[in-house]
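*Asks:* run.csv is reproduced in full below (CSV, C-alpha atoms).
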chain,number,residue,atom,x,y,z
A,1,MET,CA,-54.4,204.5,-92.2
A,2,LYS,CA,-55.3,207.3,-89.9
A,3,SER,CA,-57.9,206.4,-87.3
A,4,ALA,CA,-60.1,209.0,-85.5
A,5,LEU,CA,-57.9,208.5,-82.4
A,6,ASP,CA,-54.8,209.9,-84.2
A,7,GLN,CA,-56.5,213.2,-84.8
A,8,PRO,CA,-56.2,215.8,-82.1
A,9,SER,CA,-59.3,216.9,-80.3
A,10,GLN,CA,-61.1,219.8,-81.8
A,11,PHE,CA,-60.5,222.4,-79.2
A,12,HIS,CA,-57.1,221.7,-77.7
A,13,SER,CA,-54.2,219.4,-78.0
A,14,GLY,CA,-54.3,216.7,-75.3
A,15,VAL,CA,-51.6,218.5,-73.3
A,16,ARG,CA,-53.4,221.8,-73.4
A,17,HIS,CA,-56.7,220.2,-72.3
A,18,TRP,CA,-54.9,218.3,-69.5
A,19,ARG,CA,-53.1,221.5,-68.3
A,20,LEU,CA,-56.3,223.7,-68.4
A,21,GLN,CA,-58.2,221.1,-66.5
A,22,ARG,CA,-55.6,221.0,-63.7
A,23,ILE,CA,-55.2,224.8,-63.6
A,24,SER,CA,-58.9,225.4,-63.4
A,25,ALA,CA,-59.2,222.7,-60.8
A,26,ILE,CA,-56.6,224.3,-58.6
A,27,ALA,CA,-58.1,227.7,-59.0
A,28,LEU,CA,-61.6,226.3,-58.1
A,29,ILE,CA,-60.4,224.9,-54.8
A,30,PRO,CA,-60.4,228.3,-53.0
A,31,LEU,CA,-63.0,230.0,-55.2
A,32,SER,CA,-65.7,227.3,-55.0
A,33,LEU,CA,-65.1,226.8,-51.2
A,34,TRP,CA,-65.6,230.5,-50.7
A,35,ALA,CA,-68.8,230.5,-52.8
A,36,VAL,CA,-70.2,227.5,-50.9
A,37,VAL,CA,-69.4,228.9,-47.5
A,38,GLU,CA,-71.0,232.2,-48.5
A,39,LEU,CA,-74.0,230.8,-50.3
A,40,VAL,CA,-75.1,227.9,-48.1
A,41,PRO,CA,-76.9,230.3,-45.7
A,42,LEU,CA,-77.8,232.8,-48.4
A,43,PRO,CA,-80.5,231.4,-50.8
A,44,ALA,CA,-82.9,231.2,-47.9
A,45,GLN,CA,-82.5,234.9,-47.4
A,46,ASN,CA,-84.2,237.9,-49.0
A,47,TYR,CA,-83.6,239.9,-52.1
A,48,ALA,CA,-82.1,242.9,-50.3
A,49,THR,CA,-79.6,240.8,-48.4
A,50,ALA,CA,-78.6,239.0,-51.6
A,51,LEU,CA,-78.2,242.2,-53.6
A,52,GLU,CA,-76.1,243.7,-50.8
A,53,TRP,CA,-73.9,240.6,-50.8
A,54,ILE,CA,-73.4,240.7,-54.5
A,55,HIS,CA,-72.4,244.4,-54.4
A,56,GLN,CA,-69.6,243.8,-52.0
A,57,PRO,CA,-66.2,244.3,-53.9
A,58,LEU,CA,-65.0,240.9,-52.6
A,59,SER,CA,-68.1,239.1,-53.9
A,60,ILE,CA,-68.1,240.6,-57.3
A,61,GLY,CA,-64.3,240.3,-57.6
A,62,LEU,CA,-64.3,236.6,-56.8
A,63,LEU,CA,-67.4,235.8,-58.8
A,64,LEU,CA,-65.7,237.4,-61.9
A,65,PHE,CA,-63.0,234.7,-61.5
A,66,LEU,CA,-65.2,231.9,-60.3
A,67,VAL,CA,-67.9,231.9,-63.1
A,68,PRO,CA,-65.6,231.6,-66.2
A,69,THR,CA,-63.3,229.1,-64.4
A,70,LEU,CA,-66.3,227.0,-63.3
A,71,TYR,CA,-67.8,226.8,-66.8
A,72,LEU,CA,-64.4,226.1,-68.4
A,73,HIS,CA,-63.8,223.3,-65.9
A,74,ALA,CA,-67.3,221.9,-66.5
A,75,ALA,CA,-66.9,221.9,-70.3
A,76,LEU,CA,-63.4,220.3,-70.1
A,77,GLY,CA,-64.8,217.5,-67.8
A,78,VAL,CA,-67.9,216.9,-70.0
A,79,GLN,CA,-65.6,216.8,-73.0
A,80,VAL,CA,-63.6,213.9,-71.5
A,81,VAL,CA,-66.7,211.9,-70.7
A,82,LEU,CA,-68.0,212.5,-74.3
A,83,GLU,CA,-64.7,211.5,-75.8
A,84,ASP,CA,-64.7,208.3,-73.7
A,85,TYR,CA,-68.2,207.1,-74.6
A,86,ILE,CA,-69.3,208.6,-77.9
A,87,SER,CA,-67.7,208.0,-81.3
A,88,ASP,CA,-67.1,210.4,-84.2
A,89,PRO,CA,-68.6,212.2,-85.9
A,90,LEU,CA,-71.3,212.8,-83.2
A,91,ARG,CA,-68.6,213.2,-80.6
A,92,ARG,CA,-67.0,216.2,-82.3
A,93,ARG,CA,-70.4,217.9,-82.6
A,94,LEU,CA,-71.3,217.3,-79.0
A,95,VAL,CA,-67.9,218.6,-77.8
A,96,VAL,CA,-68.5,221.8,-79.9
A,97,ILE,CA,-72.0,222.2,-78.4
A,98,THR,CA,-70.7,221.6,-74.9
A,99,HIS,CA,-68.2,224.3,-75.2
A,100,ALA,CA,-70.7,226.7,-76.8
A,101,ILE,CA,-73.3,226.1,-74.0
A,102,ALA,CA,-70.6,226.6,-71.3
A,103,SER,CA,-69.5,229.9,-73.0
A,104,ILE,CA,-73.1,231.1,-73.2
A,105,GLY,CA,-73.6,230.1,-69.5
A,106,ALA,CA,-70.5,232.0,-68.3
A,107,LEU,CA,-71.2,235.1,-70.4
A,108,GLY,CA,-74.9,235.1,-69.4
A,109,THR,CA,-74.1,234.8,-65.8
A,110,LEU,CA,-71.5,237.6,-65.9
A,111,GLY,CA,-74.0,239.7,-67.9
A,112,ALA,CA,-76.5,239.2,-65.1
A,113,LEU,CA,-73.9,240.1,-62.5
A,114,PHE,CA,-73.2,243.4,-64.2
A,115,SER,CA,-76.8,244.3,-64.8
A,116,THR,CA,-77.4,244.2,-61.0
A,117,TYR,CA,-75.6,247.6,-61.0
B,1,MET,CA,-55.4,180.8,-80.5
B,2,LYS,CA,-54.4,180.2,-76.9
B,3,ALA,CA,-52.8,183.6,-76.7
B,4,ALA,CA,-56.0,185.4,-77.5
B,5,VAL,CA,-57.8,183.6,-74.7
B,6,ASN,CA,-55.3,184.8,-72.1
B,7,ARG,CA,-55.2,188.3,-73.3
B,8,PRO,CA,-56.2,190.8,-70.5
B,9,LEU,CA,-59.7,192.2,-70.9
B,10,SER,CA,-60.5,195.9,-70.6
B,11,PRO,CA,-62.7,196.6,-67.5
B,12,HIS,CA,-66.2,196.3,-69.0
B,13,LEU,CA,-68.2,197.8,-66.2
B,14,GLN,CA,-71.0,195.3,-66.4
B,15,VAL,CA,-68.8,192.3,-65.6
B,16,TYR,CA,-66.2,194.0,-63.4
B,17,ARG,CA,-66.4,193.4,-59.6
B,18,PRO,CA,-66.9,196.8,-58.0
B,19,GLN,CA,-63.9,198.0,-56.0
B,20,LEU,CA,-63.4,201.2,-54.0
B,21,THR,CA,-61.0,202.5,-56.6
B,22,SER,CA,-63.4,202.0,-59.6
B,23,VAL,CA,-66.5,203.1,-57.6
B,24,LEU,CA,-64.8,206.3,-56.5
B,25,SER,CA,-63.6,207.0,-60.1
B,26,ILE,CA,-67.1,206.6,-61.5
B,27,GLY,CA,-68.4,208.7,-58.6
B,28,HIS,CA,-66.0,211.5,-59.6
B,29,ARG,CA,-67.6,211.6,-63.1
B,30,ALA,CA,-71.1,211.3,-61.8
B,31,THR,CA,-70.7,214.2,-59.3
B,32,GLY,CA,-69.0,216.2,-62.0
B,33,ILE,CA,-72.1,215.9,-64.2
B,34,ILE,CA,-74.4,216.6,-61.2
B,35,LEU,CA,-72.3,219.8,-60.5
B,36,CYS,CA,-72.8,221.0,-64.1
B,37,PHE,CA,-76.5,221.3,-63.2
B,38,GLY,CA,-75.5,222.9,-59.9
B,39,ALA,CA,-73.6,225.6,-61.9
B,40,VAL,CA,-76.7,226.3,-63.9
B,41,ALA,CA,-78.7,226.6,-60.6
B,42,LEU,CA,-76.1,229.1,-59.3
B,43,SER,CA,-76.3,231.1,-62.6
B,44,ALA,CA,-80.1,231.0,-62.4
B,45,TRP,CA,-79.9,232.4,-58.8
B,46,LEU,CA,-77.7,235.3,-60.1
B,47,ILE,CA,-79.9,235.9,-63.1
B,48,SER,CA,-83.0,235.9,-61.0
B,49,LEU,CA,-81.3,238.5,-58.7
B,50,ALA,CA,-80.7,240.7,-61.8
B,51,LEU,CA,-84.3,240.3,-63.0
B,52,GLY,CA,-85.8,241.8,-59.9
B,53,GLU,CA,-87.3,240.9,-56.5
B,54,GLN,CA,-90.3,239.0,-57.9
B,55,THR,CA,-88.3,236.6,-60.0
B,56,PHE,CA,-85.8,236.2,-57.2
B,57,ASN,CA,-88.5,235.4,-54.6
B,58,GLY,CA,-90.0,232.9,-57.1
B,59,TYR,CA,-86.7,231.2,-57.6
B,60,THR,CA,-85.7,231.0,-54.0
B,61,GLY,CA,-89.2,229.8,-53.2
B,62,LEU,CA,-88.6,226.9,-55.7
B,63,LEU,CA,-85.3,226.1,-54.0
B,64,ASN,CA,-86.9,226.0,-50.6
B,65,THR,CA,-89.5,223.4,-51.5
B,66,LEU,CA,-88.8,219.8,-50.4
B,67,ILE,CA,-87.6,218.8,-53.9
B,68,GLY,CA,-85.5,222.0,-54.1
B,69,LYS,CA,-83.9,221.1,-50.8
B,70,VAL,CA,-83.2,217.5,-52.0
B,71,PHE,CA,-81.5,219.0,-55.1
B,72,MET,CA,-79.4,221.4,-53.0
B,73,LEU,CA,-78.3,218.6,-50.7
B,74,GLY,CA,-77.3,216.5,-53.7
B,75,TRP,CA,-75.3,219.4,-55.1
B,76,LEU,CA,-73.7,220.1,-51.7
B,77,PHE,CA,-72.5,216.5,-51.2
B,78,SER,CA,-71.4,216.2,-54.9
B,79,PHE,CA,-69.4,219.4,-54.4
B,80,PHE,CA,-67.5,218.1,-51.4
B,81,TYR,CA,-67.0,214.7,-53.0
B,82,HIS,CA,-65.7,216.2,-56.2
B,83,LEU,CA,-63.5,218.7,-54.3
B,84,CYS,CA,-61.9,216.0,-52.0
B,85,ASN,CA,-61.5,213.5,-54.8
B,86,GLY,CA,-60.2,216.2,-57.1
B,87,VAL,CA,-57.5,217.0,-54.5
B,88,ARG,CA,-56.7,213.3,-54.5
B,89,HIS,CA,-56.3,213.4,-58.3
B,90,LEU,CA,-54.1,216.4,-58.1
B,91,CYS,CA,-51.8,214.6,-55.6
B,92,TRP,CA,-51.5,211.7,-58.1
B,93,ASP,CA,-50.7,214.2,-60.9
B,94,ALA,CA,-47.9,215.6,-58.7
B,95,GLY,CA,-46.7,212.0,-58.3
B,96,TYR,CA,-47.8,211.2,-54.8
B,97,GLY,CA,-49.9,208.4,-53.3
B,98,TYR,CA,-49.6,205.8,-56.0
B,99,GLY,CA,-49.0,202.8,-53.8
B,100,ILE,CA,-52.0,200.4,-53.7
B,101,THR,CA,-52.4,200.8,-49.9
B,102,GLN,CA,-52.1,204.6,-50.2
B,103,VAL,CA,-54.8,204.6,-52.9
B,104,TYR,CA,-57.2,202.8,-50.7
B,105,GLN,CA,-56.3,204.9,-47.7
B,106,SER,CA,-56.8,208.2,-49.5
B,107,GLY,CA,-60.0,206.8,-50.9
B,108,TRP,CA,-61.5,206.1,-47.5
B,109,ILE,CA,-60.2,209.4,-46.1
B,110,MET,CA,-61.8,211.2,-49.1
B,111,VAL,CA,-65.2,209.5,-48.5
B,112,LEU,CA,-65.2,210.4,-44.8
B,113,ALA,CA,-64.1,213.9,-45.5
B,114,ALA,CA,-66.9,214.4,-48.1
B,115,PHE,CA,-69.6,213.2,-45.7
B,116,GLY,CA,-68.1,215.1,-42.8
B,117,MET,CA,-68.0,218.4,-44.7
B,118,THR,CA,-71.6,217.9,-45.9
B,119,ILE,CA,-72.7,217.4,-42.3
B,120,VAL,CA,-70.8,220.5,-41.1
B,121,ALA,CA,-72.3,222.5,-43.9
B,122,LEU,CA,-75.8,221.3,-43.1
B,123,ILE,CA,-75.4,222.1,-39.4
B,124,SER,CA,-74.1,225.6,-40.2
B,125,ALA,CA,-76.9,226.2,-42.6
B,126,GLY,CA,-79.3,225.5,-39.8
Take the structure I supplied and represent it as structure tokens, if you would.
*Replies:*
Amino acid sequence: MKSALDQPSQFHSGVRHWRLQRISAIALIPLSLWAVVELVPLPAQNYATALEWIHQPLSIGLLLFLVPTLYLHAALGVQVVLEDYISDPLRRRLVVITHAIASIGALGTLGALFSTY
Amino acid sequence: MKAAVNRPLSPHLQVYRPQLTSVLSIGHRATGIILCFGAVALSAWLISLALGEQTFNGYTGLLNTLIGKVFMLGWLFSFFYHLCNGVRHLCWDAGYGYGITQVYQSGWIMVLAAFGMTIVALISAG
């Protein structure tokens, strides 16, 4: 008899999930460090300074990589937690919802980024 | 049924004595979840920037309240924790540091590094 555990995860095979999680983690080491170093003094500052910062080619260039990688890494991580603690069929639905929210988050953020131009 | 009695138990968190290894592992998940909300806060910052000066000032005003600052400190520490422990995990994935003394050593180094980086960030933020 086939148990729920024998079936592959909805989005990726286990290997693909594992690999994507590591690749996104490695990419996020420099990207997220850059963002934190840049942003720690920034939120306190004013609109003009922030706008100027976002329009620098380096800022927009790195944010274009950071935002999708960050949301992918977040969704993959939450998926693991869901798969550990919640059983089917709710688990599958929550995993789908998690990835949908992450995609909307990434796209919305990138959309906002472009609309500052 | 003697065999069943001696069978090893899975680590039910409620009855398992906390160890550095297990606490750090749970912490990695906890900080990961906290950082999901941090990502949303970062997106909100970019979206408020796109929506104009008034929205931006409203949002940064919110971040600069006491509660906002507590949240930002939480995200900052969670970030450094997740980063340092993430590097530790990547080393394990590459096959390094599996000895029991090494696991404890890297664990303590990670904790110190995460606190140290948070303090440095706070000082540089003014």
*Asks:* Using all atoms listed in the file, which chain B residues lie at most 9 Å away from chain A, written as JSON, numbers by chain?
*Replies:* {"B": [29, 32, 33, 35, 36, 39, 40, 42, 43, 44, 45, 46, 47, 48, 49, 50, 51, 52, 53, 54, 56, 57, 60, 61, 63, 64, 76, 79, 83, 86, 87, 90, 93, 121, 122, 124, 125, 126]}
*Asks:* List the neighbours of B:Gly27 out to 10 Å using all atoms listed in the file; skip same-chain residues closer than 4 positions along the sequence, and give me the result as JSON, numbers by chain.
*Replies:* {"B": [21, 22, 23, 31, 32, 33, 78, 81, 82, 85]}
*Asks:* Interatomic distance between atom CA of A:Arg93 and atom CA of A:Leu76?
*Replies:*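 Computed distance, atom CA of A:Arg93 to atom CA of A:Leu76, equals 14.5 Å.
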*Asks:* Please, what distance in Å, to one decimal, runs between atom CA of B:Gln14 and atom CA of B:Gly107?
*Replies:*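 Computed distance, atom CA of B:Gln14 to atom CA of B:Gly107, equals 22.2 Å.
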*Asks:* Using atom CA of A:His99 and atom CA of B:Cys84 as the two end points, give the distance in Å to one decimal.
*Replies:* 25.4 Å
*Asks:* From the set A:Glu38, A:Pro68, A:Gln21, A:Pro57, which residue has the shortest atom-to-atom contact distance to B:His89, counting all atoms listed in the file?
*Replies:*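 Smallest separation from B:His89 among the options: A:Gln21.
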*Asks:* Return the single residue from A:Ala27, A:Ile86, A:Ile101, A:Val96 that is closest to A:Leu62, with distances computed using all atoms listed in the file.
*Replies:*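 The closest residue to A:Leu62 is A:Ala27.
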